[in-house]
Amino acid sequence: MRRIPWFLCCAFAALTASLAIACGESTAKSGQPGSTPDTTAIDLAFTPGPTIDEIFPSEGLTLAFPATQRTLVSLPVGYRIESVLDGLELPTGVAALPDGRFLITEQQSGDVRAVKNGVLQRDPWLELDVSFPPGKFVAELGLDNIAVDPDFEKNHYVYVYFTENQESGERHTVLARFLDKNGKGTNRQDIVVIDVPAEETHVAGGIAFDGDAILLGVGDHERPQSALDLSEPTGKILRIDREGEALPDNPFADDPNADPRVYAYGMRNPFGIGVDSETGRAYFSDNRDTIGDALYELKAGANYAWPLYRVNYRLPLAIYDVPQGMAGLIVYHGDTLSIFDGDVLFCTYHNGGGLHWSEPGQVVWLEVYKRDRLIAPACGSGITQGSDGFVYYLDYGAGRLLRISN
């Protein structure tokens, strides 16, 4: 299998950047809470762009199946993008609380910021001493992701995934649970600790709830061979309870040579995970090497083949032949933006960020390329569904919270 030369990837990035959208400037600033969010509509002034096959003919590039065609299209009729607020510093994850608040993680500062009534609160909800190498702007360490417990109204639990330094000076990756109390994150409890240090990348951090189970994506921590070793947690999706313990019905729970928390394996960097609350089907995104970034359905006990294959042999819902930097992911359900009901929405980091829409119906081998529509710009990291039914996502580079409304 041939790699796409780096200069072609750069050319594609430059071409995509030329298709950027002219966005209106946000008027929402930090300050005192207001009664409603102060939003600014953003004009979707782009036209359909070229597909990847039109940019780079596929002669000489061997793929086991057709790569996804990424054609820029507009949002569905009647939908629009609004800028809710700015002033964030490299935001990575966003989670919606039932009371209308949002919690947003800032990668390098280690702060979890609260948004109330559309206003970014001055004092952080939580401050963590994260590990982030100085000068590594695109490294994946620091404060990565956040999730709210589906039983939040009863237990007030919030989960945060981040890297920090141990007393020994070594770095480790932590999934910690916090209690939301008086508008602050308190009562830290570490429920997963990965003591294998990653130098810069591949810590992942996708978090989703499947009933009472937590699905946690753990990257290979720059140790590719560990992804196929069932005794190690890296390069896996773990399935645990709220205390971090393995579920007794996990596929490798009875294997004495396996980590019982492992639910699926063979991943490089599974940053996005989402569960369909109605069907129980789960989906995740994995970032591969040069080619093969893809969206998959998650299956118990499945091997997704990293690092033996850059492109996994399992049929994806969407796959790419240039790096995308696949990030946050949700399965949308609701009547507010009804056209998305039951579908997957996910972000990609590269080329300024993008919001993708995929319909995860019955997958047909030769129709993989139809499963992905790029519908909006700037969705570079986290995404969530608000209590109002709108979709909220983060513009990592510009430090903004945007939303899709109607």
# chains A, B, ... in the order shown; residues from 1 in each chain; ligands from 1

call {"tool": "residues_around", "arguments": {"residues": "Glu200 in chain A", "least_positions_apart": "2", "cutoff": "8 Å", "atoms": "only C-alpha atoms", "output": "number ranges by chain"}}
result
A: 133, 136, 139-141, 198, 202

call {"tool": "residues_around", "arguments": {"residues": "Ala398 in chain A", "least_positions_apart": "2", "cutoff": "10 Å", "atoms": "only C-alpha atoms", "output": "number ranges by chain"}}
result
A: 86-91, 352, 378, 380, 394-396, 400-401

call {"tool": "write_last_selection", "arguments": {"atoms": "all heavy atoms", "output": "CSV table (one decimal), in the first residue's frame"}}
result
chain,number,residue,atom,x,y,z
A,86,ASP,N,-17.0,33.6,22.2
A,86,ASP,CA,-15.6,33.4,22.0
A,86,ASP,C,-14.9,33.6,23.2
A,86,ASP,O,-15.4,33.7,24.3
A,86,ASP,CB,-15.1,34.3,20.8
A,86,ASP,CG,-15.4,35.8,21.1
A,86,ASP,OD1,-15.7,36.2,22.2
A,86,ASP,OD2,-15.4,36.6,20.1
A,87,GLY,N,-13.5,33.8,23.1
A,87,GLY,CA,-12.7,34.0,24.3
A,87,GLY,C,-12.2,32.7,24.9
A,87,GLY,O,-11.6,32.8,26.0
A,88,LEU,N,-12.3,31.6,24.3
A,88,LEU,CA,-11.8,30.3,24.8
A,88,LEU,C,-10.4,30.1,24.4
A,88,LEU,O,-10.0,30.6,23.3
A,88,LEU,CB,-12.7,29.1,24.3
A,88,LEU,CG,-14.1,29.1,24.8
A,88,LEU,CD1,-14.9,28.1,23.9
A,88,LEU,CD2,-14.3,28.8,26.2
A,89,GLU,N,-9.6,29.3,25.1
A,89,GLU,CA,-8.2,29.1,24.8
A,89,GLU,C,-8.0,27.6,24.4
A,89,GLU,O,-8.0,26.8,25.3
A,89,GLU,CB,-7.3,29.5,26.0
A,89,GLU,CG,-7.3,30.9,26.3
A,89,GLU,CD,-6.4,31.2,27.5
A,89,GLU,OE1,-5.6,30.4,27.8
A,89,GLU,OE2,-6.4,32.4,28.0
A,90,LEU,N,-7.9,27.4,23.1
A,90,LEU,CA,-7.7,26.0,22.6
A,90,LEU,C,-8.7,25.0,23.2
A,90,LEU,O,-8.3,24.1,23.9
A,90,LEU,CB,-6.2,25.5,22.9
A,90,LEU,CG,-5.1,26.4,22.3
A,90,LEU,CD1,-3.8,25.9,22.6
A,90,LEU,CD2,-5.3,26.6,20.8
A,91,PRO,N,-10.0,25.2,23.0
A,91,PRO,CA,-11.0,24.3,23.6
A,91,PRO,C,-11.0,23.0,22.9
A,91,PRO,O,-11.0,22.9,21.6
A,91,PRO,CB,-12.3,25.1,23.3
A,91,PRO,CG,-12.0,25.9,22.1
A,91,PRO,CD,-10.6,26.3,22.1
A,352,GLY,N,-8.6,23.5,9.1
A,352,GLY,CA,-9.5,24.5,9.7
A,352,GLY,C,-10.7,23.9,10.4
A,352,GLY,O,-11.4,24.7,11.1
A,378,ALA,N,-15.1,24.7,10.7
A,378,ALA,CA,-14.6,25.1,12.0
A,378,ALA,C,-14.9,24.1,13.1
A,378,ALA,O,-14.5,24.4,14.2
A,378,ALA,CB,-15.1,26.5,12.4
A,380,GLY,N,-13.5,21.7,14.9
A,380,GLY,CA,-12.2,21.2,15.0
A,380,GLY,C,-11.9,20.2,16.2
A,380,GLY,O,-10.9,19.5,16.2
A,394,LEU,N,-17.1,23.2,18.9
A,394,LEU,CA,-16.0,24.1,19.2
A,394,LEU,C,-15.1,24.3,18.0
A,394,LEU,O,-14.8,23.4,17.2
A,394,LEU,CB,-15.1,23.4,20.3
A,394,LEU,CG,-15.8,23.2,21.6
A,394,LEU,CD1,-14.9,22.4,22.5
A,394,LEU,CD2,-16.1,24.6,22.3
A,395,ASP,N,-14.8,25.6,17.8
A,395,ASP,CA,-13.8,26.0,16.8
A,395,ASP,C,-12.5,26.1,17.6
A,395,ASP,O,-12.2,27.1,18.3
A,395,ASP,CB,-14.2,27.4,16.3
A,395,ASP,CG,-13.2,27.9,15.2
A,395,ASP,OD1,-12.0,27.4,15.2
A,395,ASP,OD2,-13.6,28.8,14.4
A,396,TYR,N,-11.6,25.1,17.5
A,396,TYR,CA,-10.4,25.0,18.3
A,396,TYR,C,-9.5,26.2,18.1
A,396,TYR,O,-9.0,26.8,19.1
A,396,TYR,CB,-9.7,23.7,18.0
A,396,TYR,CG,-8.4,23.4,18.7
A,396,TYR,CD1,-8.4,22.9,19.9
A,396,TYR,CD2,-7.2,23.7,18.0
A,396,TYR,CE1,-7.1,22.7,20.6
A,396,TYR,CE2,-6.0,23.5,18.6
A,396,TYR,CZ,-6.0,23.0,19.9
A,396,TYR,OH,-4.7,22.7,20.5
A,400,ARG,N,-13.9,29.5,19.8
A,400,ARG,CA,-15.3,29.8,19.8
A,400,ARG,C,-16.2,28.6,20.0
A,400,ARG,O,-15.9,27.5,19.7
A,400,ARG,CB,-15.7,30.4,18.4
A,400,ARG,CG,-15.0,31.8,18.1
A,400,ARG,CD,-15.6,32.4,16.8
A,400,ARG,NE,-15.5,31.5,15.7
A,400,ARG,CZ,-16.0,31.7,14.5
A,400,ARG,NH1,-16.8,32.8,14.3
A,400,ARG,NH2,-15.8,30.9,13.5
A,401,LEU,N,-17.4,28.9,20.6
A,401,LEU,CA,-18.5,27.9,20.7
A,401,LEU,C,-19.5,28.3,19.6
A,401,LEU,O,-20.0,29.4,19.7
A,401,LEU,CB,-19.1,27.9,22.1
A,401,LEU,CG,-20.3,26.9,22.3
A,401,LEU,CD1,-19.8,25.5,22.1
A,401,LEU,CD2,-20.9,27.2,23.6

call {"tool": "residues_around", "arguments": {"residues": "Gly211 in chain A", "least_positions_apart": "5", "cutoff": "12 Å", "atoms": "only C-alpha atoms", "output": "list in words"}}
result
Asp149, Pro150, Asp151, Arg239, Ile240, Asp241, Arg242, Leu247, Val275, Asp276, Ser277, Glu278, Thr279, Gly280, Arg281 and Ala282 of chain A

call {"tool": "write_last_selection", "arguments": {"atoms": "all heavy atoms", "output": "tab-separated table (two decimals), in the first residue's frame"}}
result
chain	number	residue	atom	x	y	z
A	149	ASP	N	-22.61	12.63	33.09
A	149	ASP	CA	-23.31	11.38	33.38
A	149	ASP	C	-24.77	11.49	32.96
A	149	ASP	O	-25.42	12.51	33.22
A	149	ASP	CB	-23.21	11.09	34.88
A	149	ASP	CG	-23.55	9.66	35.22
A	149	ASP	OD1	-24.72	9.27	35.03
A	149	ASP	OD2	-22.67	8.94	35.69
A	150	PRO	N	-25.32	10.47	32.28
A	150	PRO	CA	-26.74	10.54	31.91
A	150	PRO	C	-27.69	10.61	33.11
A	150	PRO	O	-28.83	11.06	32.96
A	150	PRO	CB	-26.96	9.25	31.11
A	150	PRO	CG	-25.83	8.37	31.47
A	150	PRO	CD	-24.68	9.25	31.78
A	151	ASP	N	-27.21	10.21	34.29
A	151	ASP	CA	-27.99	10.35	35.52
A	151	ASP	C	-27.55	11.57	36.32
A	151	ASP	O	-27.64	11.58	37.56
A	151	ASP	CB	-27.85	9.09	36.38
A	151	ASP	CG	-28.60	7.90	35.79
A	151	ASP	OD1	-29.58	8.14	35.05
A	151	ASP	OD2	-28.20	6.76	36.06
A	239	ARG	N	-14.53	-0.63	28.39
A	239	ARG	CA	-15.92	-0.58	28.85
A	239	ARG	C	-15.92	-0.83	30.35
A	239	ARG	O	-15.56	-1.91	30.81
A	239	ARG	CB	-16.77	-1.61	28.11
A	239	ARG	CG	-18.27	-1.58	28.46
A	239	ARG	CD	-19.02	-2.50	27.51
A	239	ARG	NE	-20.44	-2.59	27.83
A	239	ARG	CZ	-20.98	-3.57	28.56
A	239	ARG	NH1	-20.20	-4.54	29.07
A	239	ARG	NH2	-22.26	-3.60	28.81
A	240	ILE	N	-16.33	0.19	31.10
A	240	ILE	CA	-16.20	0.16	32.55
A	240	ILE	C	-17.47	0.69	33.21
A	240	ILE	O	-18.33	1.29	32.55
A	240	ILE	CB	-15.00	1.03	33.02
A	240	ILE	CG1	-15.15	2.47	32.47
A	240	ILE	CG2	-13.68	0.41	32.56
A	240	ILE	CD1	-14.09	3.44	32.93
A	241	ASP	N	-17.57	0.48	34.53
A	241	ASP	CA	-18.66	1.09	35.28
A	241	ASP	C	-18.22	2.44	35.84
A	241	ASP	O	-17.11	2.91	35.55
A	241	ASP	CB	-19.17	0.16	36.39
A	241	ASP	CG	-18.12	-0.15	37.46
A	241	ASP	OD1	-17.12	0.60	37.58
A	241	ASP	OD2	-18.30	-1.15	38.20
A	242	ARG	N	-19.05	3.06	36.63
A	242	ARG	CA	-18.76	4.41	37.13
A	242	ARG	C	-17.58	4.45	38.11
A	242	ARG	O	-17.08	5.52	38.41
A	242	ARG	CB	-20.01	5.01	37.78
A	242	ARG	CG	-21.08	5.41	36.78
A	242	ARG	CD	-22.32	5.93	37.49
A	242	ARG	NE	-23.30	6.50	36.58
A	242	ARG	CZ	-24.20	5.80	35.91
A	242	ARG	NH1	-24.23	4.47	36.04
A	242	ARG	NH2	-25.07	6.41	35.12
A	247	LEU	N	-16.85	-4.40	33.22
A	247	LEU	CA	-18.18	-5.00	33.26
A	247	LEU	C	-18.06	-6.52	33.10
A	247	LEU	O	-17.27	-6.99	32.28
A	247	LEU	CB	-19.06	-4.41	32.17
A	247	LEU	CG	-19.78	-3.08	32.45
A	247	LEU	CD1	-20.75	-3.21	33.61
A	247	LEU	CD2	-18.80	-1.95	32.73
A	275	VAL	N	-23.01	6.81	21.11
A	275	VAL	CA	-23.93	5.68	21.23
A	275	VAL	C	-25.33	6.16	20.86
A	275	VAL	O	-25.78	7.21	21.32
A	275	VAL	CB	-23.92	5.11	22.66
A	275	VAL	CG1	-24.95	4.00	22.80
A	275	VAL	CG2	-22.53	4.60	23.03
A	276	ASP	N	-25.99	5.38	20.03
A	276	ASP	CA	-27.38	5.66	19.68
A	276	ASP	C	-28.25	5.19	20.83
A	276	ASP	O	-28.35	3.99	21.10
A	276	ASP	CB	-27.76	4.93	18.38
A	276	ASP	CG	-29.12	5.33	17.85
A	276	ASP	OD1	-30.05	5.50	18.66
A	276	ASP	OD2	-29.26	5.45	16.62
A	277	SER	N	-28.88	6.13	21.52
A	277	SER	CA	-29.65	5.80	22.73
A	277	SER	C	-30.89	4.97	22.43
A	277	SER	O	-31.45	4.35	23.34
A	277	SER	CB	-30.06	7.09	23.45
A	277	SER	OG	-30.83	7.92	22.59
A	278	GLU	N	-31.32	4.94	21.17
A	278	GLU	CA	-32.52	4.19	20.82
A	278	GLU	C	-32.21	2.79	20.30
A	278	GLU	O	-32.91	1.83	20.63
A	278	GLU	CB	-33.34	4.96	19.79
A	278	GLU	CG	-33.91	6.28	20.35
A	278	GLU	CD	-34.89	6.94	19.41
A	278	GLU	OE1	-35.20	6.35	18.35
A	278	GLU	OE2	-35.35	8.06	19.74
A	279	THR	N	-31.18	2.65	19.50
A	279	THR	CA	-30.85	1.35	18.93
A	279	THR	C	-29.77	0.61	19.70
A	279	THR	O	-29.63	-0.61	19.56
A	279	THR	CB	-30.37	1.50	17.47
A	279	THR	OG1	-29.11	2.20	17.47
A	279	THR	CG2	-31.39	2.27	16.65
A	280	GLY	N	-28.98	1.34	20.49
A	280	GLY	CA	-27.86	0.73	21.20
A	280	GLY	C	-26.61	0.57	20.37
A	280	GLY	O	-25.57	0.15	20.89
A	281	ARG	N	-26.67	0.92	19.07
A	281	ARG	CA	-25.47	0.84	18.23
A	281	ARG	C	-24.50	1.95	18.62
A	281	ARG	O	-24.90	3.06	18.95
A	281	ARG	CB	-25.84	0.97	16.75
A	281	ARG	CG	-26.69	-0.17	16.23
A	281	ARG	CD	-27.18	0.11	14.81
A	281	ARG	NE	-26.10	0.07	13.83
A	281	ARG	CZ	-26.26	0.37	12.55
A	281	ARG	NH1	-27.45	0.78	12.10
A	281	ARG	NH2	-25.25	0.28	11.70
A	282	ALA	N	-23.22	1.62	18.62
A	282	ALA	CA	-22.18	2.58	18.98
A	282	ALA	C	-21.25	2.79	17.79
A	282	ALA	O	-21.04	1.89	16.97
A	282	ALA	CB	-21.39	2.09	20.19

call {"tool": "closest_residue", "arguments": {"among": "A:Gly354, A:Pro251, A:Gly301, A:Pro323", "to": "Leu228 in chain A", "atoms": "only C-alpha atoms"}}
result
A:Gly301

call {"tool": "closest_residue", "arguments": {"among": "A:Ala258, A:Ile383, A:Leu329, A:Asp341", "to": "Thr105 in chain A", "atoms": "only C-alpha atoms"}}
result
A:Ile383

call {"tool": "select_by_dssp", "arguments": {"residues": "range 85-326 of chain A", "states": "strand (DSSP E or B)", "output": "VMD selection string"}}
result
chain A and resid 85 91 to 96 102 to 106 111 to 116 119 to 120 126 to 127 143 to 148 157 to 165 171 to 181 184 to 194 204 to 210 213 to 218 236 to 240 246 262 to 265 272 to 275 282 to 286 289 291 294 to 298 303 318 to 319 326

call {"tool": "atom_distance", "arguments": {"atom1": "CA of His172 in chain A", "atom2": "CA of Thr234 in chain A"}}
result
11.9 Å

call {"tool": "closest_atom_pairs", "arguments": {"of": "range 373-399 of chain A", "to": "range 116-122 of chain A", "cutoff": "12 Å", "atoms": "only C-alpha atoms", "output": "Markdown table"}}
result
| residue | atom | partner | partner_atom | distance |
| --- | --- | --- | --- | --- |
| A:Gly386 | CA | A:Gly118 | CA | 11.7 |
| A:Asp388 | CA | A:Asn117 | CA | 11.9 |
| A:Tyr392 | CA | A:Gly118 | CA | 11.5 |
| A:Gly399 | CA | A:Leu120 | CA | 11.7 |

call {"tool": "write_last_selection", "arguments": {"atoms": "N, CA, C and O atoms", "output": "PDB file, in the first residue's frame"}}
result
ATOM      1  N   GLY A 386     -27.199  20.077  22.875  1.00  0.00           N
ATOM      2  CA  GLY A 386     -27.650  20.839  24.022  1.00  0.00           C
ATOM      3  C   GLY A 386     -29.011  20.396  24.516  1.00  0.00           C
ATOM      4  O   GLY A 386     -29.753  19.692  23.814  1.00  0.00           O
ATOM      5  N   ASP A 388     -31.470  22.135  24.628  1.00  0.00           N
ATOM      6  CA  ASP A 388     -32.453  22.770  23.748  1.00  0.00           C
ATOM      7  C   ASP A 388     -32.599  22.052  22.416  1.00  0.00           C
ATOM      8  O   ASP A 388     -33.385  22.463  21.560  1.00  0.00           O
ATOM      9  N   TYR A 392     -24.045  21.908  19.346  1.00  0.00           N
ATOM     10  CA  TYR A 392     -23.004  22.860  19.720  1.00  0.00           C
ATOM     11  C   TYR A 392     -21.644  22.242  19.435  1.00  0.00           C
ATOM     12  O   TYR A 392     -21.410  21.065  19.743  1.00  0.00           O
ATOM     13  N   GLY A 399     -11.133  29.597  19.159  1.00  0.00           N
ATOM     14  CA  GLY A 399     -11.609  29.651  20.538  1.00  0.00           C
ATOM     15  C   GLY A 399     -13.062  30.045  20.655  1.00  0.00           C
ATOM     16  O   GLY A 399     -13.444  30.831  21.521  1.00  0.00           O
TER      17      GLY A 399
END

call {"tool": "residues_around", "arguments": {"residues": "range 156-170 of chain A", "least_positions_apart": "3", "cutoff": "6 Å", "atoms": "only C-alpha atoms", "output": "list in words"}}
result
Val130, Ser131, Leu141, Gly142, Leu143, Asp144, Asn145, Ile146, Ala147, Val148, Asp149, Phe152, Glu153, Thr173, Val174, Leu175, Ala176, Arg177, Phe178, Leu179 and Asp180 of chain A

call {"tool": "atom_distance", "arguments": {"atom1": "CA of Pro307 in chain A", "atom2": "CA of Asp220 in chain A"}}
result
9.7 Å

call {"tool": "residues_around", "arguments": {"residues": "Gly274 in chain A", "least_positions_apart": "3", "cutoff": "8 Å", "atoms": "only C-alpha atoms", "output": "ChimeraX atom specification"}}
result
/A:207-209,282-284,329-331,344

call {"tool": "write_last_selection", "arguments": {"atoms": "all heavy atoms", "output": "short mmCIF file (atom, residue, chain, number, x, y, z; two decimals), in the first residue's frame"}}
result
data_model
loop_
_atom_site.label_atom_id
_atom_site.label_comp_id
_atom_site.auth_asym_id
_atom_site.auth_seq_id
_atom_site.Cartn_x
_atom_site.Cartn_y
_atom_site.Cartn_z
N ILE A 207 -15.33 9.62 25.03
CA ILE A 207 -16.10 9.16 26.18
C ILE A 207 -17.57 9.11 25.78
O ILE A 207 -18.10 10.08 25.24
CB ILE A 207 -15.95 10.10 27.40
CG1 ILE A 207 -14.49 10.40 27.70
CG2 ILE A 207 -16.63 9.51 28.63
CD1 ILE A 207 -14.30 11.53 28.72
N ALA A 208 -18.23 7.99 26.05
CA ALA A 208 -19.66 7.89 25.77
C ALA A 208 -20.27 6.91 26.76
O ALA A 208 -19.59 6.02 27.29
CB ALA A 208 -19.91 7.42 24.34
N PHE A 209 -21.56 7.08 27.00
CA PHE A 209 -22.29 6.18 27.89
C PHE A 209 -23.16 5.23 27.07
O PHE A 209 -23.87 5.65 26.16
CB PHE A 209 -23.16 6.97 28.86
CG PHE A 209 -22.42 7.43 30.08
CD1 PHE A 209 -21.68 8.59 30.06
CD2 PHE A 209 -22.46 6.69 31.25
CE1 PHE A 209 -20.98 9.01 31.17
CE2 PHE A 209 -21.77 7.10 32.38
CZ PHE A 209 -21.03 8.26 32.34
N ALA A 282 -23.22 1.62 18.62
CA ALA A 282 -22.18 2.58 18.98
C ALA A 282 -21.25 2.79 17.79
O ALA A 282 -21.04 1.89 16.97
CB ALA A 282 -21.39 2.09 20.19
N TYR A 283 -20.66 3.99 17.71
CA TYR A 283 -19.78 4.37 16.61
C TYR A 283 -18.55 5.04 17.18
O TYR A 283 -18.60 5.69 18.23
CB TYR A 283 -20.50 5.31 15.64
CG TYR A 283 -21.83 4.77 15.18
CD1 TYR A 283 -23.00 5.07 15.87
CD2 TYR A 283 -21.91 3.91 14.07
CE1 TYR A 283 -24.22 4.55 15.47
CE2 TYR A 283 -23.13 3.39 13.67
CZ TYR A 283 -24.29 3.71 14.37
OH TYR A 283 -25.49 3.18 13.99
N PHE A 284 -17.44 4.92 16.47
CA PHE A 284 -16.22 5.62 16.90
C PHE A 284 -15.41 6.01 15.68
O PHE A 284 -15.55 5.44 14.60
CB PHE A 284 -15.39 4.75 17.85
CG PHE A 284 -14.63 3.64 17.18
CD1 PHE A 284 -13.30 3.80 16.82
CD2 PHE A 284 -15.24 2.42 16.89
CE1 PHE A 284 -12.59 2.77 16.20
CE2 PHE A 284 -14.55 1.39 16.27
CZ PHE A 284 -13.22 1.57 15.92
N LEU A 329 -17.59 13.35 18.47
CA LEU A 329 -18.63 12.62 17.74
C LEU A 329 -19.85 12.44 18.62
O LEU A 329 -19.73 12.16 19.81
CB LEU A 329 -18.07 11.25 17.31
CG LEU A 329 -18.91 10.29 16.50
CD1 LEU A 329 -17.98 9.34 15.73
CD2 LEU A 329 -19.86 9.45 17.36
N ILE A 330 -21.03 12.61 18.03
CA ILE A 330 -22.29 12.33 18.73
C ILE A 330 -23.24 11.60 17.79
O ILE A 330 -23.10 11.67 16.57
CB ILE A 330 -22.99 13.61 19.25
CG1 ILE A 330 -23.37 14.54 18.09
CG2 ILE A 330 -22.15 14.32 20.29
CD1 ILE A 330 -24.28 15.69 18.49
N VAL A 331 -24.21 10.91 18.37
CA VAL A 331 -25.37 10.41 17.63
C VAL A 331 -26.54 11.29 18.04
O VAL A 331 -26.92 11.32 19.21
CB VAL A 331 -25.66 8.94 17.93
CG1 VAL A 331 -26.87 8.48 17.12
CG2 VAL A 331 -24.45 8.08 17.62
N VAL A 344 -25.10 10.30 12.70
CA VAL A 344 -23.84 10.61 13.36
C VAL A 344 -23.34 11.97 12.87
O VAL A 344 -23.33 12.25 11.66
CB VAL A 344 -22.78 9.53 13.05
CG1 VAL A 344 -21.43 9.91 13.65
CG2 VAL A 344 -23.24 8.17 13.59
#

call {"tool": "closest_residue", "arguments": {"among": "A:Ile194, A:Leu230, A:Ala114, A:Ala327", "to": "Gly206 in chain A", "atoms": "only C-alpha atoms"}}
result
A:Ala327

call {"tool": "select_by_dssp", "arguments": {"residues": "range 194-302 of chain A", "states": "helix (DSSP H, G or I)", "output": "ChimeraX atom specification"}}
result
/A:224-228

call {"tool": "residues_around", "arguments": {"residues": "Asp335 in chain A", "least_positions_apart": "6", "cutoff": "12 Å", "atoms": "only C-alpha atoms", "output": "list in words"}}
result
Asp341, Gly342, Ser387, Asp388, Gly389, Phe390, Ser405 and Asn406 of chain A
